[in-house]
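J.: Let me begin by handing over the structure; questions about it come next.
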Amino acid sequence: MRAHATAHAHSHPSPSDTPAPAAPAAGGAVRWICPMDPEVVSDGPGDCPICGMALEPELPTAEVESPELADMTRRLTVATALGLPVLVLAMSDMVPGQPLQHAVSPWLLTLVQALLATPVVAWAGAPFFRRAWASVVNRSPNMFTLIGLGVAAAWLYSAVALVVAALRPDLVPEVYRGHGGAPLVYFEAAAVITALALLGQVLELKARSRTSSAIRALLDLSPKTARRIEATGREVDVPVEHVAAGDRLRVRPGERVPVDGTIEDGTSWVDESMITGEPIPLEKAPGSAVTGGTVNGAGGFVMVAERVGEGTTLARIVRLVAEAQRSRAAIQQLADRVSAWFVPAVVAAAVATFALWMALGPEPRFVHALASAIAVVIIACPCALGLATPLSIMVATGRGALSGVLVKNADALERLAAVDVLVVDKTGTLTEGRPAVAALEAVEPFSKDEVVRLAAALERASEHPLGAAIVAAAGAGPLPLVSQFRSVTGRGVAGRVAGHDVLVGSLRFLEEAGVETTALAALATAHQEEGRTAVTVAVDGRPAGLVAVADPVKASAPAALAALRADGIEIVLLTGDARRSAAAVAKSLGISRFEAEVLPEEKGAVVARLRAEGHVVAMAGDGVNDAPALARADVGIAMGTGTDVAIESAAVTLLHGDLAGLVRSRRLGRATMRNIRQNLAWAFGYNLLGVPLAAGLLYPVFGVLLSPMVAGAAMSLSSVSVIVNSLRLRRLEL
């Protein structure tokens with residue numbers, strides 16, 4: 001149940017009641033924060049004194065799971081197991097002619113209901129009573145106020161009615177008696193209210209727990225240990241949190257870089273796609289900067305630590321994602337506004353009902369007044385309101401998954417339907433995310449086939465990340481044998497292939513070997529203008545040609561972007577890749593607005609700027625570097641083919657990495673929000689109609705009084721109606 005009182009409408013707890021948002025807890029202790037009211041901070045788990053929601057870790061770790069979810073799940077299991085028999089027994093008493101009525105005494109059936117419902121109310125519903133009491137103490141009425149009041153009223157009235165009917169049957173009017181003279185009770189209403197409220201809590205807590213998994217995935221990227229070189233030259237493995245600025249660290253092949261720093265000795269290729277999004281690893285040599293969490297290639301190096309702990313780039317990304325995820329969702333504002341008047345209005349209606357019956361009602365006035373007041377509270381209990389959003393979202397997410405669209409929450413669906421700007425990453429989103437040969441060039445007398453086969457023969461023995469693309473372009477046939485192979489880091493590879501001296505690498509590599517590169521330089525420049533990497537080839541000291549390697553645009557991207565433009569969405573390309581490469585992709589896809597060489601923090605700032613301009617912004621990406629922007633956007637959209645961090649940071653995941661899924665997502669969003677509005681309209685309309693009936697509106701004219709038993713059944717019917725309406729989304733055509 002997401003509804004709670006706003007800070008504007010209700011008084012906040014006193015400073016002594018609400019922990020202040022102080023500095024991080026000492027000793028690395030976990031602080032717990034309210035997702036609805038971030039100013040509420042505690043040193044341990046508990047309930048928010050303002051809205052009643054469970055506190056969650058401010059910065060989750062792998063060791064901190066949701067104790068609230070586990071607890072609510074246990075309580076829901078017990079409530080369901082005990083509540084269903086209560087409901088069955090109650091229904092058998094409501095329908096005349098049931099065999100159970102003739103086989104068992106109605107008094108015994110009522111007693112069994114009481115025995116089964118009591119642990120549901122007393123134990124399973126205990127959190128609601130605790131939160132309801134806190135809302136009264138803190139003068140911050142919320143949905144838990146009504147749930148606690150409704151459940152307590154249902155059980156207490158039933159218990160009192162059972163005792164009074166047994167001891168003083170003359171005090172119970174005939175209208176409140178059922179088959180066999182047993183009192184009409186609604187223990188089943190108390191049990192059902194509790195179970196439905198618990199169901200809503202479990203659905204919501206599961207959705208909230210998925211947001212913290214993004215931060216856990218980010219934290220998993222950071223190595224747990226680092227190999228530190230002591231002053232004596234001895235090398236020891238130490239926890240990464242013990243690394244200090246100035247420490248010399250050794251990074252071995254295949255390891256993650258432990259912290260941010262600068263290479264002191266050694267060369268290697270480092271995969272920095274988590275920061276830049278660029279799939280091609282970058283050469284690193286003495287003096288080059290390296291970033292914690294990035295992956296070292298085949299070489300080893302010694303680095304000097306510079307930024308450690310909270311100062312690393314990865315830590316800043318974690319902080320940005322956490323801050324963005326704690327921001328309030330737009331859909332929560334509706335619940336805030338509702339809580340400001342709904343709870344007090346229901347309580348006031350119940351009090352007014354009691355007073356009017358006591359003043360104007362027939363005898364026995366007190367019994368009529370008490371029963372009518374309780375009926376008002378029961379029929380207004382907000383289970384349908386609490387289930388309206390989570391049930392629609394649950395069904396919608398299941399329907400979306402069948403179409404390759406994973407959606408996490410209602411806010412994403414609501415915002416997705418209103419998006420007018422789509423910010424897209426390049427690598428892995430618009431492009432395939434892996435290099436491939438885009439073109440071949442040959443210089444007379446060599447042919448293109450000769451150029452690629454000779455280059456592939458050498459690259460097969462190379463560690464260069466572009467080698468696999470060149471080998472793949474040569475096809476499945478056998479390649480010539482290579483002898484005298486040698487590799488020059490950062491330059492290229494050389495060797496004898498089929499009796500020829502072959503060089504494969506940069507223009508500078510060929511020039512240093514005495515090759516005339518004028519013809520190749522012109523060809524290379526043309527391809528570089530298209531955002532491609534030119535790998536040149538020389539044979540026996542003569543220029544032979546070049547292989548142009550690029551990250552190809554996804555085949556589905558042009559049509560998907562065209563459909564989104566037709567739907568009124570502006571496309572903005574945002575990438576950490578080189579400007580020339582970004583310009584080439586933007587031109588090929590007809591994107592007029594793009595920004596290149598953007599750092600992760602800057603990506604989030606660009607998204608924030610667009611939102612400040614009044615746009616509803618969706619961000620689509622697939623890398624760790626996209627995580628801050630994905631979390632900060634109105635809707636974060638991750639490619640299912642991308643990193644786990646991007647997927648966890650985003651509110652929407654396109655399982656097949658196809659932007660065409662965005663069109664389906666918007667259709668799903670519109671249908672889901674329409675369904676939620678229908679549910680909310682039914683829940684509110686039901687209360688507007690049900691409360692006057694429960695208060696006795698029809699009694700003066702028709703002599704009809706809504707018994708508490710009928711009020712309980714009507715309350716359950718309202719929730720069932722919401723469930724049925726939500727299930728219609730399963731048949732939605734996408």
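Each chain in the structure tokens gets a letter, A, B, ..., in the order shown, and its residues are numbered from 1; ligands are numbered from 1 in order too.
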If you run DSSP on the backbone here, which positions in region 560-687 of chain A get helix (DSSP H, G or I)? Please write them as a PyMOL selection string.
T.: chain A and resi 560-566+579-589+600-612+624-632+644-649+661-687
J.: I want to know what sits within 10 Å of Thr429 (chain A), based on only C-alpha atoms, with residues of the same chain fewer than 3 positions away left out; could you give that as an MDAnalysis selection string?
T.: chainID A and resid 424:426 432:433 553:554 557 620:623 637:642 657:659
J.: Show me, as a list in words, the residues that have an atom within 7 Å of Val504 (chain A) when counting only C-alpha atoms, minus same-chain residues fewer than 3 positions from it.
T.: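 In the requested form, the answer reads Ala455, Gly492, Val493, Ala494, Val535, Thr536, Val537 and Ala538 of chain A.
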J.: Closest to Gly300 (chain A) among A:Trp155, A:Trp269, A:Tyr699, A:Phe354, using only C-alpha atoms?
T.: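 The answer is A:Trp269, which sits nearest to Gly300 (chain A).
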J.: Could you pull the residues within 7 Å of Arg228 (chain A), counting only C-alpha atoms, minus those fewer than 2 positions along the same chain, as a list in words?
T.: Ala226, Glu230, Glu235, Val236, Asp237, Val238, Asp247, Arg248, Leu249 and Arg250 of chain A
J.: Pick out the closest residue to Glu272 (chain A) from this set: A:Gln678, A:Ser592, A:Asn625, A:Thr77. Count only C-alpha atoms.
T.: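 When distances to Glu272 (chain A) are compared using only C-alpha atoms, the smallest one comes from A:Asn625.
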J.: For Glu188 (chain A), work out the shell of residues within 9 Å, counting only C-alpha atoms and skipping chain neighbours fewer than 3 positions away, then give it as a list in words.
T.: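 In the requested format, the answer is Gly83, Leu84, Pro85, Val86, Leu87, Val88, Leu89, Ala90, Gln113, Ala114, Ala117, Ala154, Trp155, Val185, Ala191, Val192, Ile193, Met709, Gly712 and Ala713 of chain A.
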J.: What's around Arg399 (chain A) at 12 Å? Count only C-alpha atoms, leave out sequence neighbours fewer than 4 positions away in its own chain, and write the answer as a VMD selection string.
T.: chain A and resid 392 to 395 403 to 407 664 to 665 667 to 669 671 to 672 726 to 734
J.: Just to be explicit: take each residue in the selection above, keep N, CA and C atoms, and write the result as an mmCIF file, in the first residue's frame.
T.:
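selection.cif, freshly written:
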data_model
loop_
_atom_site.group_PDB
_atom_site.id
_atom_site.type_symbol
_atom_site.label_atom_id
_atom_site.label_comp_id
_atom_site.auth_asym_id
_atom_site.auth_seq_id
_atom_site.Cartn_x
_atom_site.Cartn_y
_atom_site.Cartn_z
ATOM 1 N N SER A 392 -2.416 -4.522 -11.069
ATOM 2 C CA SER A 392 -2.326 -4.139 -12.483
ATOM 3 C C SER A 392 -0.895 -4.265 -12.984
ATOM 4 N N ILE A 393 0.044 -3.825 -12.157
ATOM 5 C CA ILE A 393 1.444 -3.898 -12.557
ATOM 6 C C ILE A 393 1.896 -5.342 -12.678
ATOM 7 N N MET A 394 1.468 -6.184 -11.743
ATOM 8 C CA MET A 394 1.865 -7.587 -11.789
ATOM 9 C C MET A 394 1.381 -8.258 -13.077
ATOM 10 N N VAL A 395 0.128 -8.015 -13.423
ATOM 11 C CA VAL A 395 -0.417 -8.610 -14.651
ATOM 12 C C VAL A 395 0.245 -7.996 -15.883
ATOM 13 N N SER A 403 6.071 -10.432 -24.513
ATOM 14 C CA SER A 403 6.443 -9.687 -25.716
ATOM 15 C C SER A 403 7.872 -9.164 -25.649
ATOM 16 N N GLY A 404 8.653 -9.692 -24.708
ATOM 17 C CA GLY A 404 10.054 -9.290 -24.632
ATOM 18 C C GLY A 404 10.284 -7.984 -23.919
ATOM 19 N N VAL A 405 9.331 -7.539 -23.089
ATOM 20 C CA VAL A 405 9.461 -6.275 -22.362
ATOM 21 C C VAL A 405 9.311 -6.552 -20.871
ATOM 22 N N LEU A 406 10.366 -6.275 -20.101
ATOM 23 C CA LEU A 406 10.298 -6.430 -18.651
ATOM 24 C C LEU A 406 10.130 -5.056 -18.017
ATOM 25 N N VAL A 407 9.087 -4.896 -17.196
ATOM 26 C CA VAL A 407 8.782 -3.625 -16.555
ATOM 27 C C VAL A 407 8.776 -3.831 -15.052
ATOM 28 N N ARG A 664 6.068 -1.298 -28.288
ATOM 29 C CA ARG A 664 5.200 -2.190 -27.512
ATOM 30 C C ARG A 664 5.110 -1.726 -26.056
ATOM 31 N N SER A 665 6.229 -1.224 -25.545
ATOM 32 C CA SER A 665 6.244 -0.752 -24.156
ATOM 33 C C SER A 665 5.278 0.413 -23.956
ATOM 34 N N ARG A 667 2.613 1.097 -25.704
ATOM 35 C CA ARG A 667 1.240 0.585 -25.790
ATOM 36 C C ARG A 667 0.847 -0.095 -24.479
ATOM 37 N N LEU A 668 1.781 -0.862 -23.914
ATOM 38 C CA LEU A 668 1.525 -1.514 -22.634
ATOM 39 C C LEU A 668 1.339 -0.479 -21.534
ATOM 40 N N GLY A 669 2.159 0.576 -21.564
ATOM 41 C CA GLY A 669 2.060 1.618 -20.549
ATOM 42 C C GLY A 669 0.709 2.306 -20.562
ATOM 43 N N ALA A 671 -2.152 1.171 -21.729
ATOM 44 C CA ALA A 671 -3.213 0.255 -21.305
ATOM 45 C C ALA A 671 -3.171 0.021 -19.800
ATOM 46 N N THR A 672 -1.978 -0.084 -19.245
ATOM 47 C CA THR A 672 -1.850 -0.347 -17.813
ATOM 48 C C THR A 672 -2.329 0.831 -16.987
ATOM 49 N N SER A 726 -7.984 -6.171 -13.357
ATOM 50 C CA SER A 726 -6.544 -6.215 -13.620
ATOM 51 C C SER A 726 -6.188 -7.373 -14.539
ATOM 52 N N LEU A 727 -6.871 -8.497 -14.374
ATOM 53 C CA LEU A 727 -6.567 -9.674 -15.186
ATOM 54 C C LEU A 727 -6.895 -9.477 -16.665
ATOM 55 N N ARG A 728 -7.680 -8.467 -16.979
ATOM 56 C CA ARG A 728 -7.985 -8.209 -18.390
ATOM 57 C C ARG A 728 -6.739 -7.840 -19.184
ATOM 58 N N LEU A 729 -5.714 -7.338 -18.500
ATOM 59 C CA LEU A 729 -4.478 -6.970 -19.193
ATOM 60 C C LEU A 729 -3.777 -8.176 -19.804
ATOM 61 N N ARG A 730 -4.101 -9.363 -19.322
ATOM 62 C CA ARG A 730 -3.465 -10.565 -19.881
ATOM 63 C C ARG A 730 -3.839 -10.764 -21.344
ATOM 64 N N ARG A 731 -4.957 -10.199 -21.756
ATOM 65 C CA ARG A 731 -5.422 -10.374 -23.135
ATOM 66 C C ARG A 731 -5.079 -9.174 -24.026
ATOM 67 N N LEU A 732 -4.262 -8.289 -23.511
ATOM 68 C CA LEU A 732 -3.911 -7.082 -24.260
ATOM 69 C C LEU A 732 -3.096 -7.423 -25.504
ATOM 70 N N GLU A 733 -3.478 -6.853 -26.635
ATOM 71 C CA GLU A 733 -2.742 -7.043 -27.881
ATOM 72 C C GLU A 733 -1.617 -6.022 -27.971
ATOM 73 N N LEU A 734 -0.377 -6.501 -28.049
ATOM 74 C CA LEU A 734 0.774 -5.618 -28.196
ATOM 75 C C LEU A 734 1.373 -5.706 -29.591
#
J.: Give me, please, the distance in Å between CA of Ala618 (chain A) and CA of Arg632 (chain A), quoted to one decimal.
T.: 9.4 Å
J.: Using only C-alpha atoms, which residue out of A:Ile591, A:Val617, A:Leu55, A:Ala182 lies closest to Pro106 (chain A)?
T.: A:Ala182
J.: Just the residues within 10 Å of region 441-450 of chain A, please, counting only C-alpha atoms, with nothing from its chain fewer than 3 positions along; format it as a list in words.
T.: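 The contact residues come out as Arg453, Leu454, Ala455, Ala456, Ala473, Ala474, Ala519, Leu520, Leu523, Ala524, Ala534, Thr536, Val537, Ala538, Val539, Arg542, Pro543, Ala544, Gly545, Leu546, Val547 and Ala548 of chain A.
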